[in-house]
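Shown next: query-v7.cif, containing mmCIF, C-alpha atoms and all ligand atoms.
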data_input
#
loop_
_atom_site.label_atom_id
_atom_site.label_comp_id
_atom_site.auth_asym_id
_atom_site.auth_seq_id
_atom_site.Cartn_x
_atom_site.Cartn_y
_atom_site.Cartn_z
CA MET J 183 -14.92 -8.81 -25.29
CA GLY J 184 -13.00 -6.22 -27.25
CA LEU J 185 -11.97 -2.80 -26.01
CA ILE J 186 -14.53 -0.61 -27.67
CA THR J 187 -13.47 3.01 -27.89
CA THR J 188 -16.43 5.31 -27.88
CA ALA J 189 -16.67 9.00 -28.67
CA ILE J 190 -16.72 9.68 -24.90
CA ALA J 191 -13.59 7.62 -24.29
CA ASP J 192 -11.81 9.28 -27.20
CA GLU J 193 -12.66 12.73 -25.86
CA VAL J 194 -11.49 11.88 -22.33
CA MET J 195 -8.19 10.57 -23.62
CA GLN J 196 -7.66 13.51 -25.95
CA LEU J 197 -8.32 16.08 -23.22
CA GLU J 198 -5.82 14.33 -20.96
CA ALA J 199 -3.28 14.24 -23.76
CA ASP J 200 -3.71 18.00 -24.25
CA TYR J 201 -3.99 19.23 -20.67
CA LEU J 202 -2.40 16.82 -18.18
CA LEU J 203 1.25 16.35 -17.30
CA GLN J 204 2.29 13.35 -19.32
CA ASN J 205 3.61 11.34 -16.36
CA TYR J 206 1.16 8.41 -16.36
CA GLY J 207 1.12 5.58 -18.88
CA ARG J 208 -2.56 4.77 -18.51
CA TYR J 209 -4.30 1.71 -19.93
CA PRO J 210 -6.80 2.68 -22.66
CA LEU J 211 -9.80 2.26 -20.41
CA VAL J 212 -12.23 4.96 -19.24
CA LEU J 213 -14.15 3.75 -16.20
CA GLU J 214 -17.57 5.01 -15.32
CA ARG J 215 -18.98 3.12 -12.35
CA GLY J 216 -18.48 0.22 -10.01
CA ASP J 217 -20.44 -2.18 -7.84
CA GLY J 218 -18.70 -4.56 -5.43
CA PRO J 219 -15.75 -6.15 -7.25
CA TRP J 220 -17.11 -5.08 -10.67
CA LEU J 221 -16.36 -2.04 -12.80
CA TRP J 222 -17.96 -0.76 -15.99
CA ASP J 223 -16.33 1.39 -18.66
CA VAL J 224 -18.06 4.15 -20.60
CA ALA J 225 -18.94 1.69 -23.37
CA GLY J 226 -20.78 -0.55 -20.88
CA ASN J 227 -18.17 -3.34 -20.73
CA ARG J 228 -17.84 -5.06 -17.36
CA TYR J 229 -14.55 -5.87 -15.60
CA LEU J 230 -13.70 -7.94 -12.54
CA ASP J 231 -11.46 -5.70 -10.44
CA PHE J 232 -8.42 -7.59 -9.09
CA ILE J 233 -6.30 -4.48 -8.57
CA ALA J 234 -8.78 -2.30 -6.57
CA GLY J 235 -7.22 1.07 -7.37
CA ILE J 236 -3.80 -0.34 -6.43
CA GLY J 237 -5.00 -1.66 -3.12
CA VAL J 238 -7.30 1.22 -2.19
CA ASN J 239 -10.87 0.04 -2.81
CA ALA J 240 -10.82 -2.42 0.05
CA LEU J 241 -14.59 -2.94 0.10
CA GLY J 242 -14.92 -2.81 -3.67
CA HIS J 243 -17.06 -0.12 -5.23
CA ALA J 244 -20.21 1.52 -3.89
CA HIS J 245 -20.32 -0.58 -0.71
CA PRO J 246 -23.74 0.27 0.78
CA ARG J 247 -22.42 1.07 4.27
CA ILE J 248 -19.68 3.32 2.90
CA VAL J 249 -22.10 5.07 0.52
CA LYS J 250 -24.47 5.70 3.44
CA ILE J 251 -21.72 7.09 5.70
CA ILE J 252 -20.35 9.36 2.96
CA ASP J 253 -23.82 10.64 2.20
CA GLU J 254 -24.61 11.30 5.88
CA GLN J 255 -21.28 12.92 6.71
CA THR J 256 -21.05 15.18 3.65
CA ARG J 257 -24.40 16.66 4.68
CA LEU J 258 -23.05 17.29 8.20
CA LEU J 259 -19.38 18.23 7.99
CA VAL J 260 -16.52 17.46 5.61
CA HIS J 261 -13.59 19.56 6.73
CA THR J 262 -12.75 21.63 9.78
CA SER J 263 -8.94 22.04 9.47
CA ASN J 264 -6.88 20.95 12.44
CA LEU J 265 -7.59 24.23 14.24
CA TYR J 266 -10.63 22.55 15.80
CA TYR J 267 -11.76 19.17 17.03
CA HIS J 268 -14.27 16.97 15.26
CA GLN J 269 -15.74 13.73 16.55
CA TYR J 270 -13.85 11.19 14.44
CA GLN J 271 -10.06 11.50 14.75
CA GLY J 272 -10.02 10.35 18.38
CA PRO J 273 -12.12 7.16 17.92
CA LEU J 274 -10.20 6.27 14.76
CA ALA J 275 -6.86 6.78 16.51
CA ARG J 276 -8.08 4.58 19.39
CA LYS J 277 -9.06 1.85 16.92
CA LEU J 278 -5.67 2.11 15.20
CA SER J 279 -4.00 1.82 18.57
CA GLU J 280 -6.01 -1.33 19.41
CA VAL J 281 -5.24 -3.08 16.14
CA SER J 282 -1.62 -1.95 15.73
CA GLY J 283 -0.38 -2.26 19.33
CA LEU J 284 1.03 1.29 19.05
CA GLN J 285 -0.18 4.39 20.83
CA ARG J 286 -0.49 7.70 18.96
CA SER J 287 -1.62 8.60 15.45
CA PHE J 288 -1.21 11.52 13.08
CA PHE J 289 -3.48 11.66 10.03
CA THR J 290 -2.34 12.55 6.52
CA ASN J 291 -3.74 12.40 2.97
CA SER J 292 -1.54 9.83 1.28
CA GLY J 293 1.15 7.23 1.67
CA THR J 294 4.00 9.49 0.76
CA GLU J 295 2.83 12.18 3.19
CA SER J 296 2.79 9.57 5.95
CA MET J 297 6.30 8.54 5.00
CA GLU J 298 7.50 12.16 5.08
CA GLY J 299 6.18 12.56 8.61
CA ALA J 300 7.86 9.33 9.71
CA LEU J 301 11.16 10.55 8.24
CA LYS J 302 10.85 13.78 10.22
CA MET J 303 10.23 11.72 13.37
CA ILE J 304 13.37 9.67 12.67
CA ARG J 305 15.42 12.83 12.11
CA SER J 306 14.08 14.58 15.18
CA HIS J 307 14.61 11.48 17.34
CA GLY J 308 18.23 11.22 16.18
CA ARG J 309 18.93 14.92 16.60
CA LYS J 310 17.87 14.88 20.22
CA ILE J 311 20.64 12.37 20.87
CA SER J 312 23.37 13.81 18.63
CA PRO J 313 23.65 16.00 15.49
CA GLU J 314 25.63 13.10 13.99
CA LYS J 315 22.72 10.67 14.42
CA PHE J 316 20.84 11.22 11.18
CA GLU J 317 21.47 8.13 9.04
CA ILE J 318 18.55 6.08 7.81
CA ILE J 319 18.75 2.49 6.62
CA SER J 320 16.43 1.45 3.82
CA LEU J 321 16.08 -1.52 1.50
CA GLU J 322 17.10 -2.05 -2.08
CA ASN J 323 14.05 -2.64 -4.28
CA SER J 324 11.79 -0.77 -1.85
CA PHE J 325 9.17 1.85 -2.72
CA HIS J 326 8.10 4.54 -0.26
CA GLY J 327 6.51 7.31 -2.35
CA ARG J 328 7.20 10.16 -4.73
CA THR J 329 7.98 13.17 -2.52
CA LEU J 330 11.65 14.04 -2.08
CA GLY J 331 12.06 12.48 1.37
CA ALA J 332 10.22 9.28 0.47
CA LEU J 333 12.16 9.09 -2.81
CA SER J 334 15.41 9.41 -0.90
CA ILE J 335 14.73 6.11 0.85
CA THR J 336 13.21 4.38 -2.20
CA GLY J 337 15.66 1.69 -3.31
CA GLN J 338 14.90 1.79 -7.02
CA PRO J 339 17.19 4.09 -9.06
CA LYS J 340 14.62 4.51 -11.85
CA TYR J 341 12.39 6.58 -9.53
CA ARG J 342 15.25 8.60 -8.03
CA LYS J 343 17.69 9.39 -10.78
CA ASP J 344 16.03 12.51 -12.26
CA PHE J 345 15.77 14.24 -8.89
CA GLU J 346 19.17 13.75 -7.32
CA PRO J 347 20.77 14.93 -5.11
CA LEU J 348 18.30 13.63 -2.54
CA LEU J 349 18.59 13.41 1.27
CA PRO J 350 22.07 12.59 2.53
CA GLY J 351 22.79 9.79 5.00
CA ILE J 352 20.68 7.00 3.47
CA ARG J 353 22.22 3.50 3.46
CA PHE J 354 20.61 0.87 1.24
CA ILE J 355 20.89 -2.82 2.10
CA HIS J 356 19.28 -5.98 0.71
CA ALA J 357 16.27 -7.45 2.51
CA ASN J 358 16.95 -10.65 4.43
CA ASN J 359 20.74 -10.13 4.32
CA PHE J 360 22.06 -10.39 7.91
CA GLU J 361 25.62 -9.27 7.15
CA GLU J 362 24.58 -6.09 5.34
CA LEU J 363 22.12 -5.34 8.14
CA GLU J 364 24.74 -5.62 10.91
CA ALA J 365 27.26 -3.61 8.89
CA ALA J 366 24.81 -0.78 8.17
CA PHE J 367 23.94 -0.04 11.81
CA SER J 368 26.07 2.33 13.88
CA GLU J 369 25.62 5.02 16.52
CA ARG J 370 24.85 7.35 13.57
CA THR J 371 21.72 5.35 12.67
CA ALA J 372 18.55 7.25 13.57
CA GLY J 373 16.09 4.85 11.92
CA ILE J 374 15.40 1.99 9.56
CA VAL J 375 12.43 1.73 7.18
CA VAL J 376 11.11 -1.63 5.97
CA GLU J 377 8.11 -2.84 3.94
CA TRP J 378 7.05 -6.21 5.38
CA ILE J 379 6.07 -7.25 1.87
CA GLN J 380 7.65 -5.15 -0.90
CA GLY J 381 4.74 -4.17 -3.15
CA GLU J 382 6.00 -2.15 -6.12
CA GLY J 383 9.20 -4.18 -5.80
CA GLY J 384 7.34 -7.35 -6.86
CA ILE J 385 5.56 -8.84 -3.78
CA TYR J 386 8.66 -9.93 -1.84
CA PRO J 387 8.08 -10.66 1.88
CA ILE J 388 10.86 -10.29 4.45
CA GLN J 389 11.76 -13.25 6.65
CA ASP J 390 10.65 -13.32 10.29
CA ALA J 391 14.16 -14.15 11.57
CA TRP J 392 15.60 -11.18 9.70
CA ALA J 393 12.88 -8.90 11.05
CA PHE J 394 13.64 -10.06 14.64
CA LYS J 395 17.27 -9.05 14.00
CA VAL J 396 16.18 -5.65 12.67
CA ARG J 397 14.26 -5.07 15.89
CA GLU J 398 17.22 -6.16 18.03
CA LEU J 399 19.67 -3.86 16.23
CA ALA J 400 17.28 -0.90 16.24
CA ASP J 401 17.03 -1.33 20.03
CA ARG J 402 20.80 -1.73 20.44
CA TYR J 403 21.53 1.48 18.54
CA ASN J 404 18.49 3.43 19.78
CA ALA J 405 17.16 3.83 16.22
CA LEU J 406 13.47 3.96 15.29
CA LEU J 407 12.07 1.00 13.36
CA VAL J 408 9.44 2.09 10.80
CA PHE J 409 7.27 -0.41 8.97
CA ASP J 410 5.82 0.94 5.73
CA GLU J 411 2.42 -0.77 5.72
CA ILE J 412 1.02 1.47 2.99
CA GLN J 413 0.53 -1.38 0.53
CA CYS J 414 0.90 -4.49 2.69
CA GLY J 415 -1.13 -3.32 5.71
CA VAL J 416 -4.63 -2.56 6.98
CA GLY J 417 -5.96 -6.07 6.39
CA ARG J 418 -4.38 -6.75 3.01
CA PRO J 419 -2.17 -9.67 4.19
CA GLY J 420 -5.02 -11.31 6.13
CA THR J 421 -3.83 -9.73 9.40
CA TYR J 422 -4.26 -6.09 10.32
CA PHE J 423 -0.62 -5.39 9.51
CA GLY J 424 2.25 -7.21 7.81
CA TYR J 425 4.36 -7.23 10.97
CA GLN J 426 1.66 -9.33 12.66
CA LEU J 427 2.42 -12.19 10.25
CA ALA J 428 5.47 -13.04 12.38
CA ASP J 429 5.06 -15.05 15.57
CA PRO J 430 5.47 -13.16 17.82
CA ALA J 431 4.69 -9.95 15.95
CA VAL J 432 7.72 -7.72 15.40
CA MET J 433 6.61 -4.42 16.88
CA PRO J 434 7.79 -1.29 15.08
CA ASP J 435 8.25 2.10 16.72
CA ILE J 436 6.27 3.66 13.87
CA MET J 437 3.83 2.21 11.37
CA VAL J 438 2.71 4.18 8.31
CA ALA J 439 -0.43 3.23 6.38
CA ALA J 440 -2.71 4.77 3.77
CA LYS J 441 -4.25 3.14 0.66
CA PRO J 442 -7.29 1.16 1.94
CA LEU J 443 -7.74 3.11 5.17
CA ALA J 444 -10.79 5.08 4.04
CA CYS J 445 -11.89 2.97 1.05
CA GLY J 446 -10.96 5.61 -1.54
CA MET J 447 -11.22 8.79 0.53
CA PRO J 448 -7.67 10.14 0.74
CA LEU J 449 -6.43 9.23 4.23
CA GLY J 450 -3.07 8.14 5.54
CA VAL J 451 -1.72 7.69 9.04
CA ILE J 452 1.45 7.56 11.08
CA THR J 453 0.95 5.47 14.23
CA ALA J 454 3.77 5.49 16.76
CA ASN J 455 4.69 4.19 20.20
CA GLU J 456 5.25 6.76 22.97
CA LYS J 457 9.00 6.80 22.42
CA ALA J 458 8.71 7.69 18.72
CA ALA J 459 5.75 10.02 19.29
CA ALA J 460 7.93 12.07 21.67
CA ALA J 461 9.97 13.13 18.62
CA ILE J 462 7.17 15.50 17.58
CA ALA J 463 6.38 18.43 19.88
CA PRO J 464 3.66 21.06 19.34
CA GLY J 465 4.20 23.03 16.14
CA MET J 466 6.69 20.61 14.58
CA HIS J 467 4.34 19.02 12.08
CA GLY J 468 0.90 19.46 10.54
CA SER J 469 -1.43 19.01 7.58
CA THR J 470 -4.36 21.14 6.39
CA PHE J 471 -6.47 18.34 4.95
CA GLY J 472 -5.12 15.46 7.04
CA GLY J 473 -7.76 13.56 9.02
CA ASN J 474 -10.87 15.42 7.95
CA ALA J 475 -14.22 14.41 9.39
CA LEU J 476 -15.40 12.64 6.25
CA ALA J 477 -12.33 10.47 5.70
CA CYS J 478 -12.02 9.56 9.39
CA ARG J 479 -15.68 8.60 9.71
CA VAL J 480 -15.41 6.38 6.64
CA ALA J 481 -12.30 4.74 8.10
CA ILE J 482 -14.12 3.98 11.38
CA GLU J 483 -16.92 2.33 9.41
CA PHE J 484 -14.37 0.42 7.33
CA PHE J 485 -12.64 -1.01 10.42
CA ASP J 486 -16.02 -2.07 11.77
CA ILE J 487 -16.50 -4.16 8.62
CA LEU J 488 -12.87 -5.31 8.35
CA ASP J 489 -12.87 -6.94 11.81
CA GLY J 490 -15.25 -9.62 10.50
CA LEU J 491 -13.64 -10.01 7.08
CA LEU J 492 -10.09 -11.09 7.98
CA PRO J 493 -10.66 -14.87 8.35
CA ARG J 494 -12.47 -14.99 5.01
CA MET J 495 -9.71 -12.96 3.36
CA ARG J 496 -7.12 -15.49 4.51
CA ARG J 497 -9.23 -18.36 3.20
CA VAL J 498 -9.98 -16.76 -0.18
CA GLY J 499 -6.34 -15.67 -0.53
CA ASP J 500 -5.13 -19.26 0.05
CA TYR J 501 -7.70 -20.50 -2.45
CA PHE J 502 -6.51 -17.95 -5.04
CA ARG J 503 -2.83 -18.83 -4.55
CA SER J 504 -3.50 -22.56 -4.81
CA GLY J 505 -5.42 -21.95 -8.07
CA LEU J 506 -2.51 -19.89 -9.39
CA ARG J 507 -0.06 -22.65 -8.42
CA GLU J 508 -2.21 -25.08 -10.34
CA LEU J 509 -1.95 -22.77 -13.38
CA ALA J 510 1.82 -22.57 -12.80
CA SER J 511 2.05 -26.36 -12.98
CA ARG J 512 0.67 -26.18 -16.52
CA HIS J 513 2.41 -23.04 -17.84
CA ALA J 514 6.19 -23.18 -17.80
CA PHE J 515 6.64 -19.38 -18.04
CA ILE J 516 5.23 -18.96 -14.51
CA ARG J 517 8.20 -18.99 -12.16
CA GLU J 518 6.67 -18.40 -8.73
CA VAL J 519 3.47 -17.52 -6.88
CA ARG J 520 4.03 -15.34 -3.77
CA GLY J 521 2.11 -13.39 -1.18
CA TYR J 522 -0.13 -13.40 1.87
CA GLY J 523 -3.86 -12.89 2.18
CA LEU J 524 -5.07 -10.81 -0.73
CA MET J 525 -1.65 -9.48 -1.75
CA VAL J 526 -0.51 -11.81 -4.49
CA GLY J 527 2.33 -11.76 -7.02
CA VAL J 528 2.99 -14.13 -9.91
CA GLU J 529 6.53 -13.97 -11.20
CA LEU J 530 6.96 -14.77 -14.89
CA ASP J 531 9.88 -15.58 -17.17
CA ILE J 532 8.37 -13.19 -19.71
CA PRO J 533 7.19 -9.54 -19.60
CA GLY J 534 3.75 -9.17 -18.04
CA LYS J 535 2.49 -6.06 -19.83
CA GLN J 536 0.76 -7.85 -22.72
CA ILE J 537 -0.86 -10.32 -20.30
CA VAL J 538 -2.35 -7.39 -18.37
CA LEU J 539 -3.75 -5.91 -21.61
CA ASP J 540 -5.09 -9.27 -22.78
CA ALA J 541 -6.73 -9.91 -19.40
CA MET J 542 -8.31 -6.45 -19.57
CA ASN J 543 -9.70 -7.33 -23.00
CA GLU J 544 -11.19 -10.44 -21.40
CA GLY J 545 -12.74 -8.42 -18.53
CA LEU J 546 -10.18 -8.86 -15.73
CA LEU J 547 -8.18 -5.98 -14.23
CA LEU J 548 -4.77 -6.56 -12.69
CA ASN J 549 -1.40 -4.91 -13.14
CA CYS J 550 2.23 -5.73 -13.61
CA THR J 551 5.06 -4.49 -11.45
CA HIS J 552 8.79 -4.82 -12.00
CA ASP J 553 8.10 -5.82 -15.65
CA THR J 554 7.65 -9.51 -14.91
CA VAL J 555 5.45 -9.75 -11.80
CA LEU J 556 1.68 -9.89 -12.21
CA ARG J 557 0.22 -8.15 -9.17
CA PHE J 558 -3.22 -8.91 -7.74
CA LEU J 559 -4.71 -6.71 -5.00
CA PRO J 560 -8.40 -7.65 -5.16
CA PRO J 561 -10.97 -6.02 -2.88
CA TYR J 562 -11.35 -7.66 0.54
CA ILE J 563 -14.91 -8.71 -0.26
CA ILE J 564 -13.85 -11.03 -3.08
CA THR J 565 -15.39 -14.54 -3.04
CA GLU J 566 -14.20 -17.97 -4.17
CA SER J 567 -16.51 -17.87 -7.17
CA GLU J 568 -15.04 -14.55 -8.31
CA VAL J 569 -11.58 -16.05 -7.85
CA ASP J 570 -12.68 -18.98 -10.05
CA ARG J 571 -13.76 -16.53 -12.69
CA ALA J 572 -10.44 -14.65 -12.57
CA LEU J 573 -8.51 -17.94 -12.78
CA GLY J 574 -10.61 -18.96 -15.81
CA THR J 575 -9.77 -15.67 -17.55
CA LEU J 576 -6.07 -16.09 -16.77
CA GLU J 577 -6.20 -19.63 -18.16
CA THR J 578 -7.70 -18.26 -21.41
CA VAL J 579 -4.98 -15.58 -21.65
CA PHE J 580 -2.12 -17.93 -20.70
CA ALA J 581 -3.24 -20.57 -23.19
CA ARG J 582 -2.51 -18.16 -26.04
CA ILE J 583 1.13 -17.65 -25.05
C1 LIG M 1 4.87 0.66 0.18
C2 LIG M 1 4.43 1.99 -0.32
N1 LIG M 1 4.84 3.10 0.31
C3 LIG M 1 4.44 4.32 -0.10
C4 LIG M 1 3.63 4.49 -1.20
C5 LIG M 1 3.20 5.86 -1.63
O1 LIG M 1 1.85 6.03 -1.37
P1 LIG M 1 1.00 7.18 -2.13
O2 LIG M 1 0.98 6.84 -3.57
O3 LIG M 1 -0.35 7.14 -1.46
O4 LIG M 1 1.72 8.46 -1.87
C6 LIG M 1 3.18 3.36 -1.89
C7 LIG M 1 2.33 3.50 -3.09
O5 LIG M 1 2.21 2.61 -3.89
C8 LIG M 1 3.60 2.09 -1.44
O6 LIG M 1 3.21 0.97 -2.08
#
Final structure tokens representation of the file:
Amino acid sequence: MGLITTAIADEVMQLEADYLLQNYGRYPLVLERGDGPWLWDVAGNRYLDFIAGIGVNALGHAHPRIVKIIDEQTRLLVHTSNLYYHQYQGPLARKLSEVSGLQRSFFTNSGTESMEGALKMIRSHGRKISPEKFEIISLENSFHGRTLGALSITGQPKYRKDFEPLLPGIRFIHANNFEELEAAFSERTAGIVVEWIQGEGGIYPIQDAWAFKVRELADRYNALLVFDEIQCGVGRPGTYFGYQLADPAVMPDIMVAAKPLACGMPLGVITANEKAAAAIAPGMHGSTFGGNALACRVAIEFFDILDGLLPRMRRVGDYFRSGLRELASRHAFIREVRGYGLMVGVELDIPGKQIVLDAMNEGLLLNCTHDTVLRFLPPYIITESEVDRALGTLETVFARI
């Protein structure tokens, strides 16, 4: 398959070039429709989607139950503002409480908005104890979003450098380093933010033993532990959340999630235990769009489907990783295969960008993060036979290198 540019695609790209901020480096692909794990471009070419809108399209495209719910709910009620109640925030928050082990939720529209709210909770928690207690520990190589607060705790200088000075009082340490962790904590620490599996950073999981230590130190210094589950949570790792991969689970004070929560409707959440939730009193936080009736109803339907999908996701994820390891045994430029469930990274000795373009030409969508890590975030509905097809395409692409 070749990438056929059509008059429609050319026009779309030209309009964007003329009228959009030039912040995105998009692939030259104009998508028109999807069905399950498949996408079609405007020229009618078909692609197997192993990136799912960067981990958003959890049930693939046009899932019949999601289509039905969106259709029904848009005819009834889309948005009320948070001046009034609607029927779906409460049941969704109860479900989040059941699956997360935490108590209270606040709904947002995106990952970075969830992170901002969590940062405010950390600050407010610290301030109640002492004006000096405002430091936040975060990890090198982390990614937490593009707003100024989230950027302040993002441990990758390339995202931060053009916007400095950012928030004061942020201490960066390396994941899984016990000495740096102990040295960073003090009575000034109000919170620590950790991705269980660094996503943009290249699919790097933290170690259970290190996470247990994080919990212990957060308790010792009365700091809030926040897990950023925006990319690695809500089913993606084969458990509801990354922190449930440890045995026993390492409970955070706050969990933030977004991406797959409403299968493409913009919805994020902050879910907190009672201690962290007490940091926000009436009037201290809010969101006009956050948690509208449509997005929340879709998320309830999604969880109803997800409950039955998790075992299969673990099985298909293992199958995918073992196929990738088999490819690694035959291609010396593959350094490592990492991940859990359907969050998979393949670290290369060579840049990944051309591989992504070649795979796209062959009808497989993935992306590359950190220059040398191929990242796969397929929809949760993916099957072994679709994995076989993706592996076959990768074999074709790798064989040319
Ligand atoms: C771990 C993590 N945190 C936060 C964000 C920001 O989320 P959003 O792009 O929805 O603002 C992302 C997005 O990729 C992410 O992967």
CA of Lys535 (chain J) to CA of Arg557 (chain J) measures 11.1 Å
Return as a Markdown table the residues of chain J lying at most 10 Å from ligand LIG 1 (chain M), together with the closest atom-to-atom pair for each and the distance in Å to one decimal, counting all atoms listed in the file, with rows in chain order and ascending residue number.
| residue | atom | partner | partner_atom | distance |
| --- | --- | --- | --- | --- |
| J:Ile236 | CA | M:LIG1 | O5 | 7.2 |
| J:Gly237 | CA | M:LIG1 | O5 | 8.4 |
| J:Val238 | CA | M:LIG1 | O3 | 9.2 |
| J:Thr290 | CA | M:LIG1 | O3 | 9.8 |
| J:Asn291 | CA | M:LIG1 | O3 | 7.7 |
| J:Ser292 | CA | M:LIG1 | O3 | 4.0 |
| J:Gly293 | CA | M:LIG1 | O1 | 3.3 |
| J:Thr294 | CA | M:LIG1 | O4 | 3.6 |
| J:Glu295 | CA | M:LIG1 | O4 | 6.4 |
| J:Ser296 | CA | M:LIG1 | O4 | 8.0 |
| J:Met297 | CA | M:LIG1 | C3 | 6.9 |
| J:Glu298 | CA | M:LIG1 | O4 | 9.8 |
| J:Ser324 | CA | M:LIG1 | C1 | 7.4 |
| J:Phe325 | CA | M:LIG1 | C2 | 5.3 |
| J:His326 | CA | M:LIG1 | N1 | 3.6 |
| J:Gly327 | CA | M:LIG1 | C5 | 3.7 |
| J:Arg328 | CA | M:LIG1 | O4 | 6.4 |
| J:Thr329 | CA | M:LIG1 | O4 | 7.9 |
| J:Ala332 | CA | M:LIG1 | C3 | 7.6 |
| J:Leu333 | CA | M:LIG1 | C3 | 9.5 |
| J:Thr336 | CA | M:LIG1 | N1 | 8.8 |
| J:Val376 | CA | M:LIG1 | C1 | 8.8 |
| J:Glu377 | CA | M:LIG1 | C1 | 6.1 |
| J:Trp378 | CA | M:LIG1 | C1 | 8.9 |
| J:Ile379 | CA | M:LIG1 | C1 | 8.2 |
| J:Gln380 | CA | M:LIG1 | C1 | 6.5 |
| J:Gly381 | CA | M:LIG1 | O6 | 5.5 |
| J:Glu382 | CA | M:LIG1 | O6 | 5.8 |
| J:Gly383 | CA | M:LIG1 | O6 | 8.7 |
| J:Phe409 | CA | M:LIG1 | C1 | 9.2 |
| J:Asp410 | CA | M:LIG1 | C1 | 5.6 |
| J:Glu411 | CA | M:LIG1 | C1 | 6.2 |
| J:Ile412 | CA | M:LIG1 | C2 | 4.8 |
| J:Gln413 | CA | M:LIG1 | O6 | 4.4 |
| J:Cys414 | CA | M:LIG1 | C1 | 7.0 |
| J:Gly415 | CA | M:LIG1 | C1 | 9.1 |
| J:Val438 | CA | M:LIG1 | N1 | 8.3 |
| J:Ala439 | CA | M:LIG1 | N1 | 8.0 |
| J:Ala440 | CA | M:LIG1 | O3 | 6.2 |
| J:Lys441 | CA | M:LIG1 | O3 | 6.0 |
| J:Pro442 | CA | M:LIG1 | O3 | 9.8 |
| J:Pro448 | CA | M:LIG1 | O3 | 8.2 |
| J:Leu449 | CA | M:LIG1 | O3 | 8.6 |
| J:Gly450 | CA | M:LIG1 | O3 | 7.6 |
Select from region 204-300 of chain J every residue with an atom at most 9 Å from any atom of region 564-571 of chain J, then for each give the shortest pair of atoms and their distance in Å to one decimal, using only C-alpha atoms, rows by chain and rising number, as CSV.
residue,atom,partner,partner_atom,distance
J:Gly218,CA,J:Ile564,CA,8.4
J:Pro219,CA,J:Ile564,CA,6.7
J:Leu230,CA,J:Glu568,CA,8.0
J:Phe232,CA,J:Ile564,CA,8.8
J:Leu241,CA,J:Ile564,CA,8.7
J:Gly242,CA,J:Ile564,CA,8.3
Would you put the residues from that selection into a file with C-alpha atoms, as a CSV table (one decimal), in the frame of the given file?
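Produced file again23.csv, reproduced below:
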chain,number,residue,atom,x,y,z
J,218,GLY,CA,-18.7,-4.6,-5.4
J,219,PRO,CA,-15.8,-6.2,-7.2
J,230,LEU,CA,-13.7,-7.9,-12.5
J,232,PHE,CA,-8.4,-7.6,-9.1
J,241,LEU,CA,-14.6,-2.9,0.1
J,242,GLY,CA,-14.9,-2.8,-3.7
Rounded to one decimal in Å, what is the spacing between CA of Met447 (chain J) and CA of Leu278 (chain J)?
->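 Taking CA of Met447 (chain J) and CA of Leu278 (chain J), their separation equals 17.0 Å.
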In the coordinate frame of the file, compute which residues have an atom within 9 Å of (-18.2, 11.4, 2.4) when using all atoms listed in the file, and state them as a ChimeraX atom specification.
-> /J:248-257,259-260,447,475-477,479-480
Anything within 12 Å of (-13.9, 3.9, 12.3): list those residues as an MDAnalysis selection string, counting all atoms listed in the file and sticking to the file's coordinates.
-> chainID J and resid 248 251 269:281 443:445 473 475:489
Limit the output to C-alpha atoms and give region 199-214 of chain J as a PDB file, in the first residue's frame.
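Result saved to result04.pdb:
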ATOM      1  CA  ALA J 199      -0.823  24.821   7.227  1.00  0.00           C
ATOM      2  CA  ASP J 200      -2.511  28.189   6.636  1.00  0.00           C
ATOM      3  CA  TYR J 201      -4.774  28.465   9.674  1.00  0.00           C
ATOM      4  CA  LEU J 202      -3.568  26.320  12.586  1.00  0.00           C
ATOM      5  CA  LEU J 203      -0.818  27.011  15.090  1.00  0.00           C
ATOM      6  CA  GLN J 204       2.118  25.076  13.765  1.00  0.00           C
ATOM      7  CA  ASN J 205       2.741  23.094  16.970  1.00  0.00           C
ATOM      8  CA  TYR J 206       1.979  19.558  15.759  1.00  0.00           C
ATOM      9  CA  GLY J 207       4.202  17.492  13.489  1.00  0.00           C
ATOM     10  CA  ARG J 208       1.420  15.359  12.042  1.00  0.00           C
ATOM     11  CA  TYR J 209       1.895  12.255   9.926  1.00  0.00           C
ATOM     12  CA  PRO J 210       0.656  12.813   6.345  1.00  0.00           C
ATOM     13  CA  LEU J 211      -2.550  10.889   6.892  1.00  0.00           C
ATOM     14  CA  VAL J 212      -6.117  12.233   6.804  1.00  0.00           C
ATOM     15  CA  LEU J 213      -8.459   9.813   8.544  1.00  0.00           C
ATOM     16  CA  GLU J 214     -12.108   9.554   7.709  1.00  0.00           C
TER      17      GLU J 214
END
